[in-house]
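Here the structure is laid out as C-alpha cells; the discussion comes afterwards.
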Amino acid sequence: MSMVPVQPLGDADLAAPSDQAFWRDTWRHFRRNRLAVVGLAIIVVLVVLAILAPVITRYDYAAIDTESRNLPPFSGDHWFGTDNIGHDVFSQVIYGIRVSLLVGFLVAIFSTVLGVIFGALSGYLGGLVDAAIMRVVDMFLAIPYIILTVALVGVIGRGLSAVIIALIVSGWFVVARVVRASFLQLKEQEFVQAARALGYGRLRIMFRHILPNALQPVIVYATLAIGGAILAEAALSFLAIGVLPPTPSWGLLVAENKGLLASQPHLVFFPGGAIFITVLAFVFIGDGLRDALDPRLRS
Amino acid sequence: MTSYLIRRILQLLLVLWGALTIIFFLFFALPGDPAELLLGSEKANPVAQQLVAERYGLNDPILVQYGNFLGRVVTFDLGESFKDRTSVNEVLARTAQASLRLGFWAIMFEVVIGIATGIYSAVRKYSFGDALVTVSTAAVSAIPVYVLGLFFQQTFGVLPNQGGLPSWLQLPTNGIGPDTWFLFFIPTGEQWKYLILPAITLASVSTAIVARITRTTMLEVEKADYMRTARAKGLNERQVLVGHGLRNALIPVVTLIAIDVGTVIGVAVLTETVFNWPGIGSRIARAIPQRDFAVILGLSIAVILLYAVANLVADLMYAWLDPRVRLGGKVAER
Amino acid sequence: MVASGMDKGMTGGGTTGSGTTGSGTGGGGTTGSGELLLSVQDLQVSFATAAGKVSAVNGVSFDVHRGDVLAIVGESGSGKSVSMLALMGLLPKPPAVIDGGQALWKGRDLLSLREREMQRLRGKEISMIFQDPLSALNPVHRVGRQIGEVMRIHEGLSKRQALRRAVELLDLVGIPQPSRRVNAYPHEFSGGMRQRVMIAMAIACQPDLVIADEPTTALDVTVQAQVLEVLMSIKDEIDSAIVLITHDLGVVAGLADSVLVMYAGSPVERGTVDEVYYRTAHPYTEGLLASLPRMDADGRAELTPIPGSPPSLMHIPSGCPFHPRCRYAQDVCKDDFPELRWVTAARHRAACHFAEDLSLVGAEQ
C-alpha cells in the first residue's frame, strides 16, 4: 500500500477563536434581540439626560417656589408640574436619573466584585475556607433582605453613600453563591489540572484561568443587579430610611407625594414611571445578555 | 432521608444562631445612646434615664446583654415596645394574623397564575401569547411594588369614585376592613374586597418570577433525552408532557416558591404600608421612624425564624421530589 | 441483474417462523431471509436552519427482514441517526423536513402515518434504544415504572402485572436481584446496567424491530461487549430484527449480517459484512478499514487515517461528497454525483464511479 501524503494544515485549522471574536459574536446575538436593544437605547438616553441635566432643566431640583405650587403638568416651564411646596417635578425626575444610575452601577459593580472574590476563594480552595465563608453567607442570607438593609442603614446612617454601602454589603452574598457553584464545577476540569501541572499558583489559576469561564452568569447577574439596586434604593427611600431630602431620589418622591395621589396622581406616577422604565431597560438588557452568552443558543 | 433531615436541621440551627447574632450586634451597634432614643422627649430626665437603663439592661457589658438576648429569644420573650410598653409578643400575635392571611392568598395567586402562565408560554413557545407573557413578566418585575399598589389604589379606589372609571370597579384600598374570616384564611362577606388588591400587589413580583422560571424549566425539560425516549415508547403528547416532563420541571419551581416566603416578607413591608394592612410589615415600617427598636428587633426575629423554617421546608421538598438528592446518587455495584 | 431493493417483494402478509436468524458471526445468514419488515426507499431529510437548508440525509435505501442485523456505519454527521429518527417520526418537524422517500413498514409508509398511528407502532412494533442511558431515562421515576409503562400503554397491563413483567425483563437482561432493583432509580445503576434497563424497556412488548442508536458509545470498552451480547441474545429470544447504528467498525464485524456505510448524508456502500469488509468497493470504506488499529500489526507501523475531515453539511462538496479526500479521485468525481451501483453480487453496491474497476484492499483476514 502506498503512503498517503499528509495534507499540510490549512490556516483555518491553526486559527484559534480569540477573545475579540467572542465578544463580537456576543454583540451580534445581542443585537438581534429587539427588546434588549430597546433597553440599551433607553439607558443611553437616560445617561445623556443625566449628563445634560443642568442644561435641560430650568429649575434647581431643590428650589422652592411658593408662588407656583400644585401646578399640573405642562404649565409653562414646569413640564411635569410642581408639587405642593413648589418643587419643579421635571427637575427632580431628571436629576433623579443621576441618583439612580449612580446607585445602580456602584452597588452592582462592588457587590459583584466582592461576591466574585469570596465565591472564587470559597469554590476553589474548599475545605475550611469554603465552610467558613459559606456559613457566614448563609447567616446573612437567613435575614430577609429588607430587614438586613434596614438594620445596616440604621447603623451606618441615612444618606446616599450610606445607602450605597448598605446595599453593597447586603448584595454580595447571592453572587458569592453563584460564583462558588461555577468554580466548584470548573475546578474539576482538565484545563485546571493542566495549569497546576505547569506549576501555576492558585491565585493565578483562580482569576486568570477559571474566572473567565465562570463569567457568564456573573455578567447577567450584575446587569440585573443594577435594576435591583435601583429598586432597593427607591424602596428604602420610600420607607424614609434611604437618602435624605432634598436628594432627588425617585423613591423619596413617591413617598412624599403619595398623599396627593387622588388630586395629583402625576406627582406619584412620573417618578414611579421613571423607576419602572429604568429597571425595565436593565431587565431587557440582562435577558438579552443571558441569551447572547448562552453557549447552547449560539451555533 | 432521616439523616438528611437531621443534618439540615443542625445546619439550620447554626445558621439561625449566626443570623440572630448578626442582628443583635447590628441593632446594638446603632449610633446614639439607646436610652436617649427610648425616652424621646423625656431624655433630659436623669431619673427616667436610669430607670430605662435598668429596665433594658443597657448598662450591662455587651456580652451580658447578648446573653440575655439569646436567652429571651429561646424563651420567645420579645420584650416590650419602647413606645407604649405593650408586649411585643402581643404585637406579633396581632399583626401576624393579618400578614399570614395576606401572605397565604398572595402565595396562592403566585402559584396558580405563575405556574399556569409559565406552562402556557412554554407550550406556546414563540407565539404572540408567549411574547406577551415574556414582556409582561419583565414589566411586572420592574415596577416597584408600592408604585403598583398606588396604581391600583388610583384605578380601583380613586377613579371610580371621581367618575373617571365605572363605579362598579370600586374597591376599598385602605386597611383590612371587617377582618372576618372563616377557617382563618377564607374571607367572608365583604372581606374579599379588602383582600384582593393587596394580595395581587404582594404577589406580583413573585408571580412574574415563577412564570419565568416555569417557562425556562419546561423548555429545558422539553429538550431532555428522556422526553424523546418517552415518545419512542409510544406515549402521546399529553402523557409525555404530564407524566414525564411536568414532574421534572416543577422541582425547581416548587422549591422556589417555598423560598419565596422570604421575598414575600420583604415585599410585604412595602405592600402593607401602601394599603394600610395591619400586618407585620407595616408595623415594622411604622416602628422605623419611631425608633422603636424593641418592636423592630422583635418582629424581625420572628420573621427570621419563619424564613428559616420556610427554607428548611423547601429543602425537604426538593429532596422528596428529586430522588437523586435524597439517595445521594450512589452508584450500584458493577 | 438490476436488482432493486424491493424485489424480494414480500410486503407484509404471512408470518414466517424465525427464518434464518443470522446471528453472531459476520457473514452468517443472508439478507433476504425471513419476512420483509421495513423497506426504506430513497429517504431524504433536511433541516431548515438560520443559515439555510441543510441536507442531512440524501437518498438512503435499505431493507430489513425479520431476524436481520443491519449495521449503519458512519461518522458523526453522516446522517445515520437522523434517518432512523425520521422513520420513527421523532424528529421535530420544523426544523426537520422530510423531502422525499418512503419507509414501508409491513406495507404502510411510516412517513405518511398520522401521529396517533405512529404512537401505536412505537414501543410496540418498532422500538429504539438511545446512546446515553443516563439522560435517556427519566431521573425521577423508578426503573420498574419506566419499563412497565410501555406494557401498560400498549398491552393494557395493570400496574401490578406490568411490575411483575418488568422484574422478569430485568432478569432477562442480566440484572442481578431484579425484584429489588426494579424499585431503584436510574442514577443508582452503573452505565452498563442502565443500558440493559434501556434494552429491557425496548423489548418489553416484543417489537419486531429494535433500533439501537450507538448503544455502546457512552460506555466503557469492557462493558460494551457485555451490552452487545445482551442485545444479541435478546434478539434471538424475541425474534426481532436489529438496526445497529454505530461508528465502530469492530462492533459491526462481530454482530451484523449486512452493513450500510454512510458519508455526509449519502449511502456509499451497502452489502453483507463479508462483501463490505473483504470485497470492499468504496474508497471511504477502504479508508475506514485501513484506519483501524490492529492487534497483530507491527508496533512501529503508523496509523493511516483518512486525510482531511468530513465536510460540514452546509458545504457538501459537489459531485461525489468524498472526492476531496479520495486518493483515486478523477475529474468526473468532482462533477457527477455517483449513484449506488451494483458491484459484483446482486445486493452489494457502492456509490463510486469506479466501483467495479478498483480493486481495493479490505480488511485483512
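Going by the C-alpha cells order, chains are called A, B, ..., each with residues numbered from 1, while ligands are numbered from 1 in the order shown.
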With chain B as the partner and 10 Å as the cut-off, tabulate the residues of chain C that qualify, each row holding the nearest pair of atoms and their distance in Å to one decimal, using only C-alpha atoms, sorted by chain and rising number, as JSON lines.
```
{"residue": "C:Leu85", "atom": "CA", "partner": "B:Ala232", "partner_atom": "CA", "distance": 9.4}
{"residue": "C:Met88", "atom": "CA", "partner": "B:Ala232", "partner_atom": "CA", "distance": 7.5}
{"residue": "C:Gly89", "atom": "CA", "partner": "B:Ala232", "partner_atom": "CA", "distance": 8.8}
{"residue": "C:Leu90", "atom": "CA", "partner": "B:Arg228", "partner_atom": "CA", "distance": 7.2}
{"residue": "C:Leu91", "atom": "CA", "partner": "B:Arg228", "partner_atom": "CA", "distance": 9.4}
{"residue": "C:Glu115", "atom": "CA", "partner": "B:Asn236", "partner_atom": "CA", "distance": 8.5}
{"residue": "C:Arg116", "atom": "CA", "partner": "B:Asn236", "partner_atom": "CA", "distance": 7.4}
{"residue": "C:Glu117", "atom": "CA", "partner": "B:Gly234", "partner_atom": "CA", "distance": 9.4}
{"residue": "C:Met118", "atom": "CA", "partner": "B:Gly234", "partner_atom": "CA", "distance": 7.4}
{"residue": "C:Gln119", "atom": "CA", "partner": "B:Gly234", "partner_atom": "CA", "distance": 4.2}
{"residue": "C:Arg120", "atom": "CA", "partner": "B:Gly234", "partner_atom": "CA", "distance": 6.0}
{"residue": "C:Leu121", "atom": "CA", "partner": "B:Gly234", "partner_atom": "CA", "distance": 6.8}
{"residue": "C:Arg122", "atom": "CA", "partner": "B:Gly234", "partner_atom": "CA", "distance": 4.5}
{"residue": "C:Gly123", "atom": "CA", "partner": "B:Lys233", "partner_atom": "CA", "distance": 4.1}
{"residue": "C:Lys124", "atom": "CA", "partner": "B:Gly234", "partner_atom": "CA", "distance": 7.5}
{"residue": "C:Glu125", "atom": "CA", "partner": "B:Gly234", "partner_atom": "CA", "distance": 9.9}
{"residue": "C:Ile126", "atom": "CA", "partner": "B:Ala232", "partner_atom": "CA", "distance": 8.7}
{"residue": "C:Ser127", "atom": "CA", "partner": "B:Ala232", "partner_atom": "CA", "distance": 6.5}
{"residue": "C:Met128", "atom": "CA", "partner": "B:Ala232", "partner_atom": "CA", "distance": 6.3}
{"residue": "C:Ile129", "atom": "CA", "partner": "B:Thr229", "partner_atom": "CA", "distance": 8.0}
{"residue": "C:Phe130", "atom": "CA", "partner": "B:Thr229", "partner_atom": "CA", "distance": 7.6}
{"residue": "C:Gln131", "atom": "CA", "partner": "B:Asp225", "partner_atom": "CA", "distance": 9.7}
{"residue": "C:Asp132", "atom": "CA", "partner": "B:Asp225", "partner_atom": "CA", "distance": 8.4}
{"residue": "C:Pro133", "atom": "CA", "partner": "B:Tyr226", "partner_atom": "CA", "distance": 8.8}
{"residue": "C:Leu134", "atom": "CA", "partner": "B:Tyr226", "partner_atom": "CA", "distance": 8.8}
{"residue": "C:Ser135", "atom": "CA", "partner": "B:Asp225", "partner_atom": "CA", "distance": 5.5}
{"residue": "C:Ala136", "atom": "CA", "partner": "B:Tyr226", "partner_atom": "CA", "distance": 4.1}
{"residue": "C:Leu137", "atom": "CA", "partner": "B:Tyr226", "partner_atom": "CA", "distance": 5.0}
{"residue": "C:Asn138", "atom": "CA", "partner": "B:Tyr226", "partner_atom": "CA", "distance": 5.2}
{"residue": "C:Pro139", "atom": "CA", "partner": "B:Arg324", "partner_atom": "CA", "distance": 7.4}
{"residue": "C:Val140", "atom": "CA", "partner": "B:Asp322", "partner_atom": "CA", "distance": 6.1}
{"residue": "C:His141", "atom": "CA", "partner": "B:His244", "partner_atom": "CA", "distance": 8.3}
{"residue": "C:Arg142", "atom": "CA", "partner": "B:Pro323", "partner_atom": "CA", "distance": 9.3}
{"residue": "C:Gln146", "atom": "CA", "partner": "B:Ala230", "partner_atom": "CA", "distance": 8.8}
{"residue": "C:Ile147", "atom": "CA", "partner": "B:Lys233", "partner_atom": "CA", "distance": 9.6}
{"residue": "C:Glu149", "atom": "CA", "partner": "B:Lys233", "partner_atom": "CA", "distance": 8.4}
{"residue": "C:Val150", "atom": "CA", "partner": "B:Lys233", "partner_atom": "CA", "distance": 6.0}
{"residue": "C:Met151", "atom": "CA", "partner": "B:Lys233", "partner_atom": "CA", "distance": 9.5}
{"residue": "C:Ile153", "atom": "CA", "partner": "B:Leu235", "partner_atom": "CA", "distance": 7.5}
{"residue": "C:His154", "atom": "CA", "partner": "B:Gly234", "partner_atom": "CA", "distance": 8.1}
{"residue": "C:Ile175", "atom": "CA", "partner": "B:Arg334", "partner_atom": "CA", "distance": 10.0}
{"residue": "C:Pro176", "atom": "CA", "partner": "B:Glu333", "partner_atom": "CA", "distance": 9.9}
{"residue": "C:Arg181", "atom": "CA", "partner": "B:Ala332", "partner_atom": "CA", "distance": 9.8}
{"residue": "C:Ala184", "atom": "CA", "partner": "B:Pro323", "partner_atom": "CA", "distance": 9.7}
{"residue": "C:Tyr185", "atom": "CA", "partner": "B:Pro323", "partner_atom": "CA", "distance": 7.4}
{"residue": "C:Pro186", "atom": "CA", "partner": "B:Arg324", "partner_atom": "CA", "distance": 9.1}
{"residue": "C:His187", "atom": "CA", "partner": "B:Gly329", "partner_atom": "CA", "distance": 6.1}
{"residue": "C:Glu188", "atom": "CA", "partner": "B:Val331", "partner_atom": "CA", "distance": 4.7}
{"residue": "C:Phe189", "atom": "CA", "partner": "B:Ala332", "partner_atom": "CA", "distance": 5.0}
{"residue": "C:Ser190", "atom": "CA", "partner": "B:Ala332", "partner_atom": "CA", "distance": 5.9}
{"residue": "C:Gly191", "atom": "CA", "partner": "B:Arg334", "partner_atom": "CA", "distance": 8.6}
{"residue": "C:Gly192", "atom": "CA", "partner": "B:Arg334", "partner_atom": "CA", "distance": 7.9}
{"residue": "C:Met193", "atom": "CA", "partner": "B:Arg334", "partner_atom": "CA", "distance": 7.6}
{"residue": "C:Met198", "atom": "CA", "partner": "B:Thr229", "partner_atom": "CA", "distance": 9.4}
{"residue": "C:Met201", "atom": "CA", "partner": "B:Lys233", "partner_atom": "CA", "distance": 8.5}
{"residue": "C:Ala202", "atom": "CA", "partner": "B:Lys233", "partner_atom": "CA", "distance": 7.7}
{"residue": "C:Cys205", "atom": "CA", "partner": "B:Lys233", "partner_atom": "CA", "distance": 9.9}
{"residue": "C:Val223", "atom": "CA", "partner": "B:Arg334", "partner_atom": "CA", "distance": 9.5}
```
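For A:Val37, the list of residues within 12 Å, based on only C-alpha atoms and with local chain neighbours fewer than 4 positions off taken out, reads Trp27, Arg28, His29, Phe30, Arg31, Arg32, Asn33, Ala41, Ile42, Ile43, Val44, Ala281, Phe282, Val283, Phe284, Ile285, Gly286, Asp287, Gly288, Leu289 and Ala292 of chain A.
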Show me which bits of chain C are within 9 Å of chain A, counting only C-alpha atoms, as a VMD selection string. chain C and resid 304 306 to 308 327 361
Return as a list in words the residues belonging to chain B that are within 6 Å of chain A, counting only C-alpha atoms.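 Interface list for chain B against chain A: Val15, Gly18, Ala19, Leu30, Ala142, Ile143, Val147, Val158, Gly262, Gly266 and Ile304 of chain B.
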Keeping only C-alpha atoms, take the residues you just selected and write them out as a CSV table (one decimal), in the first residue's frame.
```
chain,number,residue,atom,x,y,z
B,15,VAL,CA,-27.2,29.5,60.7
B,18,GLY,CA,-25.4,33.3,63.4
B,19,ALA,CA,-28.2,35.4,61.9
B,30,LEU,CA,-26.7,51.6,66.3
B,142,ALA,CA,-39.6,46.2,37.1
B,143,ILE,CA,-42.5,48.1,38.7
B,147,VAL,CA,-46.0,52.1,42.8
B,158,VAL,CA,-59.9,57.0,43.4
B,262,GLY,CA,-38.6,35.4,52.2
B,266,GLY,CA,-39.8,41.8,52.2
B,304,ILE,CA,-36.1,35.4,60.5
```
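Residue neighbourhood of B:Gly177, excluding near-sequence residues (fewer than 2 positions): Asn174, Gly175, Asp179, Gln191 and Tyr194 of chain B, at 8 Å, using only C-alpha atoms.
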Please produce a file of the residues just selected, as a PDB file, in the first residue's frame, where the atoms kept are N, CA and C atoms.
```
ATOM      1  N   ASN B 174     -57.897  50.752  51.683  1.00  0.00           N
ATOM      2  CA  ASN B 174     -57.265  51.182  52.916  1.00  0.00           C
ATOM      3  C   ASN B 174     -57.667  50.294  54.074  1.00  0.00           C
ATOM      4  N   GLY B 175     -56.675  49.680  54.681  1.00  0.00           N
ATOM      5  CA  GLY B 175     -56.997  48.906  55.871  1.00  0.00           C
ATOM      6  C   GLY B 175     -57.486  47.505  55.572  1.00  0.00           C
ATOM      7  N   ASP B 179     -62.321  42.368  58.719  1.00  0.00           N
ATOM      8  CA  ASP B 179     -61.469  41.365  59.366  1.00  0.00           C
ATOM      9  C   ASP B 179     -62.275  40.135  59.764  1.00  0.00           C
ATOM     10  N   GLN B 191     -65.127  40.900  53.052  1.00  0.00           N
ATOM     11  CA  GLN B 191     -63.697  40.878  53.325  1.00  0.00           C
ATOM     12  C   GLN B 191     -62.865  40.764  52.049  1.00  0.00           C
ATOM     13  N   TYR B 194     -61.431  43.800  50.435  1.00  0.00           N
ATOM     14  CA  TYR B 194     -60.273  44.447  51.037  1.00  0.00           C
ATOM     15  C   TYR B 194     -59.017  43.639  50.795  1.00  0.00           C
TER      16      TYR B 194
END
```
Looking only at helix (DSSP H, G or I) from DSSP on the backbone, list the matching residues of stretch 111-276 of chain B as a ChimeraX atom specification. /B:111-123,128-142,145-162,167-169,191-222,225-232,237-275
Residue contacts of A:Ala195 (9 Å, only C-alpha atoms) excluding same-chain residues fewer than 5 positions away, as a list in words: Glu190, Tyr200, Gly201, Ile205 and His209 of chain A
Suppose we keep C-alpha atoms; can you now write the selection as a CSV table (one decimal), in the first residue's frame?
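result06.csv was written with the following content:
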```
chain,number,residue,atom,x,y,z
A,190,GLU,CA,-8.8,19.2,32.8
A,200,TYR,CA,0.9,27.9,38.3
A,201,GLY,CA,0.0,29.5,41.6
A,205,ILE,CA,-5.4,29.8,38.3
A,209,HIS,CA,-7.9,30.7,34.1
```
At a cut-off of 6 Å, using only C-alpha atoms, what residues contact stretch 275-280 of chain B? Leave out same-chain residues fewer than 2 positions from it and give the result as a ChimeraX atom specification. /B:95-96,98-99,173-176,272-273,282-283
Between A:Val47, A:Ala181, A:Ala36, A:Leu167, which has the minimum distance to A:Leu101 (counting only C-alpha atoms)?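 Comparing A:Val47, A:Ala181, A:Ala36, A:Leu167 against A:Leu101, the winner is A:Val47.
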Could you list, as a PyMOL selection string, every residue within 12 Å of A:Ser75, counting only C-alpha atoms and ignoring same-chain residues fewer than 5 positions away? chain A and resi 68-70+80-82+88-90
So which residues of stretch 47-241 of chain A fall under strand (DSSP E or B) by DSSP, listed as JSON, numbers by chain? {"A": [75, 78, 82, 88]}
Just-selected residues, C-alpha atoms written as an mmCIF file, in the first residue's frame:
```
data_model
loop_
_atom_site.group_PDB
_atom_site.id
_atom_site.type_symbol
_atom_site.label_atom_id
_atom_site.label_comp_id
_atom_site.auth_asym_id
_atom_site.auth_seq_id
_atom_site.Cartn_x
_atom_site.Cartn_y
_atom_site.Cartn_z
ATOM 1 C CA SER A 75 -47.911 74.532 32.838
ATOM 2 C CA HIS A 78 -42.912 73.220 34.526
ATOM 3 C CA THR A 82 -44.978 71.233 40.593
ATOM 4 C CA ASP A 88 -40.309 71.523 39.782
#
```
Contacts of A:Ile165 at 12 Å or less, counting only C-alpha atoms, minus same-chain residues fewer than 4 places along, as a PyMOL selection string? chain A and resi 103-104+106-111+149+152-153+155-161+169-172+229+233+242-243
What does the file look like for those residues with C-alpha atoms, as a compact mmCIF listing (two decimals), in the first residue's frame?
```txt
# COMPACT_ATOMS: atom_id res chain seq x y z
CA VAL A 103 -26.59 53.82 42.97
CA GLY A 104 -27.31 51.12 40.42
CA LEU A 106 -21.85 51.37 42.08
CA VAL A 107 -23.82 48.80 44.01
CA ALA A 108 -23.83 46.31 41.16
CA ILE A 109 -20.13 46.65 40.46
CA PHE A 110 -18.90 46.46 44.01
CA SER A 111 -21.23 43.79 45.22
CA THR A 149 -30.75 46.63 54.79
CA LEU A 152 -27.47 48.35 58.06
CA VAL A 153 -28.86 51.73 57.22
CA VAL A 155 -26.08 51.51 61.76
CA ILE A 156 -24.47 53.49 59.02
CA GLY A 157 -27.00 56.26 59.00
CA ARG A 158 -29.07 57.72 56.21
CA GLY A 159 -27.89 59.43 53.09
CA LEU A 160 -26.80 58.43 49.64
CA SER A 161 -23.39 56.99 50.46
CA VAL A 169 -22.87 44.82 51.85
CA SER A 170 -26.23 43.08 51.63
CA GLY A 171 -25.88 42.33 47.96
CA TRP A 172 -22.74 40.29 47.51
CA ALA A 229 -30.24 48.12 43.38
CA GLU A 233 -32.74 52.29 46.97
CA GLY A 242 -32.90 55.88 52.42
CA VAL A 243 -31.43 59.07 51.11
```
